[in-house]
$ cat entry_36.txt   # compact mmCIF, N, CA and C atoms and all ligand atoms
# COMPACT_ATOMS: atom_id res chain seq x y z
N MET U 1 -25.80 -44.95 5.82
CA MET U 1 -24.56 -44.36 6.37
C MET U 1 -23.75 -43.73 5.24
N GLN U 2 -23.17 -42.61 5.53
CA GLN U 2 -22.39 -41.93 4.51
C GLN U 2 -21.12 -42.72 4.17
N SER U 3 -20.83 -42.82 2.89
CA SER U 3 -19.65 -43.57 2.48
C SER U 3 -18.36 -42.92 3.00
N SER U 4 -18.40 -41.59 3.19
CA SER U 4 -17.19 -40.93 3.71
C SER U 4 -16.90 -41.39 5.15
N LEU U 5 -17.93 -41.64 5.94
CA LEU U 5 -17.72 -42.14 7.30
C LEU U 5 -17.17 -43.56 7.29
N ILE U 6 -17.66 -44.35 6.40
CA ILE U 6 -17.14 -45.72 6.27
C ILE U 6 -15.66 -45.67 5.91
N GLY U 7 -15.32 -44.77 5.02
CA GLY U 7 -13.91 -44.60 4.64
C GLY U 7 -13.05 -44.20 5.82
N LYS U 8 -13.57 -43.34 6.67
CA LYS U 8 -12.80 -42.91 7.85
C LYS U 8 -12.59 -44.07 8.83
N VAL U 9 -13.63 -44.88 9.02
CA VAL U 9 -13.51 -46.03 9.92
C VAL U 9 -12.49 -47.02 9.37
N LEU U 10 -12.54 -47.27 8.07
CA LEU U 10 -11.57 -48.18 7.45
C LEU U 10 -10.15 -47.65 7.58
N LYS U 11 -9.98 -46.34 7.38
CA LYS U 11 -8.65 -45.74 7.49
C LYS U 11 -8.16 -45.82 8.93
N ALA U 12 -9.04 -45.60 9.90
CA ALA U 12 -8.67 -45.71 11.31
C ALA U 12 -8.21 -47.12 11.65
N ARG U 13 -8.91 -48.11 11.14
CA ARG U 13 -8.51 -49.50 11.37
C ARG U 13 -7.13 -49.78 10.78
N GLN U 14 -6.90 -49.26 9.58
CA GLN U 14 -5.59 -49.44 8.94
C GLN U 14 -4.50 -48.78 9.77
N TYR U 15 -4.72 -47.53 10.17
CA TYR U 15 -3.71 -46.80 10.95
C TYR U 15 -3.44 -47.49 12.29
N ALA U 16 -4.47 -48.04 12.90
CA ALA U 16 -4.29 -48.71 14.19
C ALA U 16 -3.39 -49.94 14.05
N GLN U 17 -3.28 -50.48 12.85
CA GLN U 17 -2.40 -51.63 12.59
C GLN U 17 -0.99 -51.20 12.20
N GLU U 18 -0.77 -49.88 12.09
CA GLU U 18 0.53 -49.38 11.63
C GLU U 18 1.10 -48.35 12.63
N PRO U 19 1.50 -48.83 13.83
CA PRO U 19 1.96 -47.90 14.86
C PRO U 19 3.22 -47.13 14.47
N LYS U 20 3.95 -47.60 13.47
CA LYS U 20 5.18 -46.88 13.07
C LYS U 20 4.85 -45.51 12.48
N ARG U 21 3.58 -45.27 12.16
CA ARG U 21 3.18 -43.96 11.65
C ARG U 21 3.15 -42.92 12.77
N ILE U 22 3.18 -43.38 14.01
CA ILE U 22 3.01 -42.49 15.17
C ILE U 22 4.34 -42.36 15.91
N GLU U 23 4.74 -41.13 16.19
CA GLU U 23 5.92 -40.87 17.02
C GLU U 23 5.49 -39.99 18.19
N ILE U 24 5.56 -40.53 19.37
CA ILE U 24 5.17 -39.78 20.56
C ILE U 24 6.26 -38.77 20.90
N GLU U 25 5.87 -37.51 21.03
CA GLU U 25 6.83 -36.45 21.35
C GLU U 25 6.74 -36.04 22.82
N ASN U 26 5.53 -35.99 23.33
CA ASN U 26 5.30 -35.63 24.73
C ASN U 26 4.21 -36.51 25.30
N LEU U 27 4.42 -36.94 26.53
CA LEU U 27 3.45 -37.81 27.17
C LEU U 27 3.52 -37.60 28.67
N SER U 28 2.38 -37.57 29.32
CA SER U 28 2.34 -37.48 30.77
C SER U 28 1.20 -38.36 31.25
N LEU U 29 1.49 -39.18 32.24
CA LEU U 29 0.46 -40.11 32.70
C LEU U 29 0.68 -40.50 34.16
N GLN U 30 -0.37 -41.03 34.74
CA GLN U 30 -0.29 -41.60 36.08
C GLN U 30 -0.19 -43.10 35.95
N PHE U 31 0.82 -43.68 36.57
CA PHE U 31 1.03 -45.12 36.54
C PHE U 31 0.65 -45.67 37.91
N ARG U 32 -0.35 -46.53 37.95
CA ARG U 32 -0.77 -47.12 39.21
C ARG U 32 0.05 -48.38 39.47
N GLY U 33 1.16 -48.21 40.17
CA GLY U 33 2.02 -49.34 40.49
C GLY U 33 1.50 -50.10 41.70
N GLU U 34 2.14 -51.20 42.00
CA GLU U 34 1.71 -52.02 43.14
C GLU U 34 1.97 -51.31 44.46
N ASN U 35 2.97 -50.41 44.51
CA ASN U 35 3.31 -49.72 45.75
C ASN U 35 2.87 -48.26 45.78
N GLY U 36 2.10 -47.85 44.79
CA GLY U 36 1.63 -46.47 44.77
C GLY U 36 1.55 -45.93 43.35
N ASP U 37 1.04 -44.72 43.24
CA ASP U 37 0.92 -44.07 41.94
C ASP U 37 2.17 -43.24 41.66
N HIS U 38 2.55 -43.18 40.39
CA HIS U 38 3.73 -42.42 39.97
C HIS U 38 3.39 -41.63 38.72
N THR U 39 3.94 -40.44 38.61
CA THR U 39 3.79 -39.65 37.40
C THR U 39 4.95 -39.98 36.47
N VAL U 40 4.62 -40.39 35.27
CA VAL U 40 5.64 -40.71 34.27
C VAL U 40 5.47 -39.74 33.11
N THR U 41 6.59 -39.16 32.67
CA THR U 41 6.55 -38.25 31.53
C THR U 41 7.58 -38.69 30.49
N TYR U 42 7.32 -38.29 29.24
CA TYR U 42 8.26 -38.50 28.15
C TYR U 42 8.30 -37.21 27.35
N SER U 43 9.46 -36.59 27.29
CA SER U 43 9.62 -35.39 26.48
C SER U 43 11.10 -35.24 26.12
N ASP U 44 11.38 -34.53 25.04
CA ASP U 44 12.75 -34.39 24.54
C ASP U 44 13.44 -35.74 24.45
N ARG U 45 12.66 -36.74 24.05
CA ARG U 45 13.17 -38.10 23.83
C ARG U 45 13.75 -38.73 25.09
N ALA U 46 13.21 -38.37 26.24
CA ALA U 46 13.69 -38.93 27.50
C ALA U 46 12.52 -39.18 28.45
N TRP U 47 12.64 -40.26 29.22
CA TRP U 47 11.65 -40.61 30.21
C TRP U 47 11.98 -39.97 31.55
N HIS U 48 10.95 -39.76 32.35
CA HIS U 48 11.13 -39.40 33.75
C HIS U 48 10.00 -40.02 34.55
N CYS U 49 10.33 -40.50 35.73
CA CYS U 49 9.31 -41.08 36.61
C CYS U 49 9.57 -40.58 38.03
N THR U 50 8.52 -40.41 38.80
CA THR U 50 8.64 -39.89 40.15
C THR U 50 8.96 -40.98 41.18
N CYS U 51 9.11 -42.22 40.74
CA CYS U 51 9.38 -43.29 41.72
C CYS U 51 10.83 -43.21 42.23
N HIS U 52 11.05 -43.82 43.37
CA HIS U 52 12.36 -43.78 44.01
C HIS U 52 13.44 -44.46 43.17
N PHE U 53 13.10 -45.59 42.55
CA PHE U 53 14.09 -46.34 41.78
C PHE U 53 14.60 -45.52 40.60
N PHE U 54 13.71 -44.80 39.93
CA PHE U 54 14.12 -44.00 38.77
C PHE U 54 15.15 -42.95 39.17
N ALA U 55 15.00 -42.36 40.35
CA ALA U 55 15.91 -41.31 40.79
C ALA U 55 17.35 -41.81 40.86
N GLY U 56 17.53 -43.07 41.18
CA GLY U 56 18.87 -43.61 41.30
C GLY U 56 19.42 -44.25 40.03
N TRP U 57 18.52 -44.74 39.18
CA TRP U 57 18.97 -45.53 38.04
C TRP U 57 18.69 -44.88 36.68
N GLY U 58 17.76 -43.95 36.62
CA GLY U 58 17.42 -43.32 35.34
C GLY U 58 16.49 -44.16 34.49
N PHE U 59 15.99 -45.23 35.03
CA PHE U 59 14.94 -46.05 34.41
C PHE U 59 14.24 -46.79 35.53
N CYS U 60 13.12 -47.39 35.24
CA CYS U 60 12.39 -48.14 36.27
C CYS U 60 11.41 -49.07 35.59
N CYS U 61 10.73 -49.87 36.39
CA CYS U 61 9.78 -50.83 35.81
C CYS U 61 8.64 -50.11 35.10
N HIS U 62 8.32 -48.90 35.53
CA HIS U 62 7.23 -48.15 34.90
C HIS U 62 7.62 -47.70 33.50
N THR U 63 8.82 -47.12 33.37
CA THR U 63 9.27 -46.66 32.05
C THR U 63 9.53 -47.86 31.13
N MET U 64 10.05 -48.94 31.69
CA MET U 64 10.31 -50.12 30.85
C MET U 64 8.99 -50.72 30.37
N ALA U 65 7.98 -50.73 31.22
CA ALA U 65 6.67 -51.25 30.81
C ALA U 65 6.08 -50.39 29.69
N LEU U 66 6.23 -49.08 29.82
CA LEU U 66 5.69 -48.19 28.79
C LEU U 66 6.44 -48.35 27.47
N GLU U 67 7.74 -48.56 27.53
CA GLU U 67 8.48 -48.80 26.29
C GLU U 67 7.96 -50.05 25.60
N ARG U 68 7.65 -51.06 26.40
CA ARG U 68 7.12 -52.30 25.80
C ARG U 68 5.74 -52.07 25.22
N LEU U 69 4.91 -51.31 25.93
CA LEU U 69 3.55 -51.05 25.45
C LEU U 69 3.53 -50.18 24.20
N LEU U 70 4.36 -49.15 24.18
CA LEU U 70 4.31 -48.17 23.10
C LEU U 70 5.15 -48.56 21.89
N GLY U 71 6.08 -49.48 22.08
CA GLY U 71 6.85 -50.03 20.97
C GLY U 71 7.49 -48.97 20.09
N VAL U 72 7.24 -49.06 18.81
CA VAL U 72 7.90 -48.19 17.84
C VAL U 72 7.44 -46.74 17.93
N MET U 73 6.40 -46.48 18.70
CA MET U 73 5.90 -45.11 18.82
C MET U 73 6.81 -44.25 19.69
N VAL U 74 7.72 -44.91 20.45
CA VAL U 74 8.72 -44.18 21.23
C VAL U 74 10.06 -44.40 20.53
N PRO U 75 10.59 -43.36 19.88
CA PRO U 75 11.73 -43.56 18.99
C PRO U 75 13.03 -43.92 19.68
N VAL U 76 13.26 -43.45 20.89
CA VAL U 76 14.54 -43.70 21.55
C VAL U 76 14.31 -44.53 22.80
N LYS U 77 14.97 -45.66 22.89
CA LYS U 77 14.88 -46.51 24.06
C LYS U 77 15.90 -46.07 25.10
N SER U 78 15.62 -46.38 26.33
CA SER U 78 16.56 -46.07 27.41
C SER U 78 17.83 -46.89 27.24
N ASP U 79 18.94 -46.35 27.68
CA ASP U 79 20.18 -47.11 27.73
C ASP U 79 20.20 -47.87 29.05
N TYR U 80 20.19 -49.17 28.95
CA TYR U 80 20.15 -49.98 30.16
C TYR U 80 21.54 -50.53 30.48
N PRO U 81 21.84 -50.69 31.76
CA PRO U 81 23.13 -51.28 32.14
C PRO U 81 23.16 -52.76 31.75
N GLU U 82 24.36 -53.29 31.59
CA GLU U 82 24.50 -54.70 31.20
C GLU U 82 23.84 -55.63 32.20
N SER U 83 23.87 -55.24 33.49
CA SER U 83 23.27 -56.10 34.50
C SER U 83 21.78 -56.30 34.26
N LEU U 84 21.11 -55.28 33.74
CA LEU U 84 19.69 -55.42 33.44
C LEU U 84 19.48 -56.31 32.24
N GLN U 85 20.34 -56.19 31.24
CA GLN U 85 20.22 -57.05 30.07
C GLN U 85 20.44 -58.51 30.47
N GLY U 86 21.35 -58.72 31.42
CA GLY U 86 21.55 -60.07 31.94
C GLY U 86 20.32 -60.60 32.63
N ALA U 87 19.62 -59.73 33.34
CA ALA U 87 18.37 -60.13 34.02
C ALA U 87 17.33 -60.54 33.00
N GLU U 88 17.26 -59.83 31.88
CA GLU U 88 16.30 -60.18 30.83
C GLU U 88 16.59 -61.59 30.29
N VAL U 89 17.86 -61.90 30.11
CA VAL U 89 18.24 -63.21 29.61
C VAL U 89 17.86 -64.28 30.62
N LEU U 90 18.10 -64.01 31.91
CA LEU U 90 17.76 -65.01 32.93
C LEU U 90 16.26 -65.29 32.96
N ILE U 91 15.46 -64.25 32.79
CA ILE U 91 14.00 -64.40 32.82
C ILE U 91 13.54 -65.26 31.64
N GLN U 92 14.17 -65.09 30.49
CA GLN U 92 13.74 -65.81 29.30
C GLN U 92 14.24 -67.25 29.28
N THR U 93 15.23 -67.57 30.13
CA THR U 93 15.76 -68.93 30.17
C THR U 93 14.79 -69.83 30.94
N PRO U 94 14.36 -70.95 30.34
CA PRO U 94 13.40 -71.82 31.03
C PRO U 94 14.01 -72.52 32.24
ZN ZN W 1 9.04 -45.48 38.02
$ encode --input "entry_36.txt" --output "structure tokens"
Amino acid sequence: MQSSLIGKVLKARQYAQEPKRIEIENLSLQFRGENGDHTVTYSDRAWHCTCHFFAGWGFCCHTMALERLLGVMVPVKSDYPESLQGAEVLIQTP
């Protein structure tokens, strides 16, 4: 095997451990939710989802799940209402 290929594989493994090197600028995907499929996009540092909840609140379980999955690769997090932050605390309380 060529040593240059081994170097590329090693570099890929290193990069995969360093997600902060990646900043997602545009993203479009289909999210298979429990109640149906939704198109979720991320562009201009903002999320959009075709689900009904997003239309009223500006965030939803789909966008929140993606923020958790993508972590530091999504530079700007959604601004959540205090009531949602309270829900997070309740969930974490045993
Ligand atoms: Zn949604």
$ closest_residue --input "entry_36.txt" --among "U:Tyr80, U:Tyr15, U:Phe53, U:Trp47" --to "ligand ZN 1 (chain W)" --atoms "only C-alpha atoms and all ligand atoms"
U:Phe53
$ atom_distance --input "entry_36.txt" --atom1 "atom CA of Ala46 of chain U" --atom2 "atom CA of Cys61 of chain U"
15.0 Å
$ closest_atom_pairs --input "entry_36.txt" --of "chain U" --to "ligand ZN 1 (chain W)" --cutoff "7 Å" --atoms "all atoms listed in the file" --output "CSV"
residue,atom,partner,partner_atom,distance
U:His38,CA,W:ZN1,ZN,6.4
U:Val40,CA,W:ZN1,ZN,7.0
U:His48,C,W:ZN1,ZN,6.5
U:Cys49,CA,W:ZN1,ZN,4.6
U:Thr50,N,W:ZN1,ZN,5.2
U:Cys51,N,W:ZN1,ZN,4.2
U:His52,N,W:ZN1,ZN,6.0
U:Phe53,N,W:ZN1,ZN,6.1
U:Phe54,N,W:ZN1,ZN,5.1
U:Phe59,C,W:ZN1,ZN,5.9
U:Cys60,CA,W:ZN1,ZN,4.6
U:Cys61,N,W:ZN1,ZN,5.0
U:His62,N,W:ZN1,ZN,4.3
U:Thr63,N,W:ZN1,ZN,4.9
$ atom_distance --input "entry_36.txt" --atom1 "atom CA of Leu66 of chain U" --atom2 "atom C of Asp79 of chain U"
14.5 Å
$ axis_aligned_box --input "entry_36.txt" --around "segment 40-51 of chain U" --padding-each-side "8 Å" --output "JSON"
{"center_x": 9.2, "center_y": -38.8, "center_z": 33.0, "size_x": 25.1, "size_y": 24.9, "size_z": 34.4}
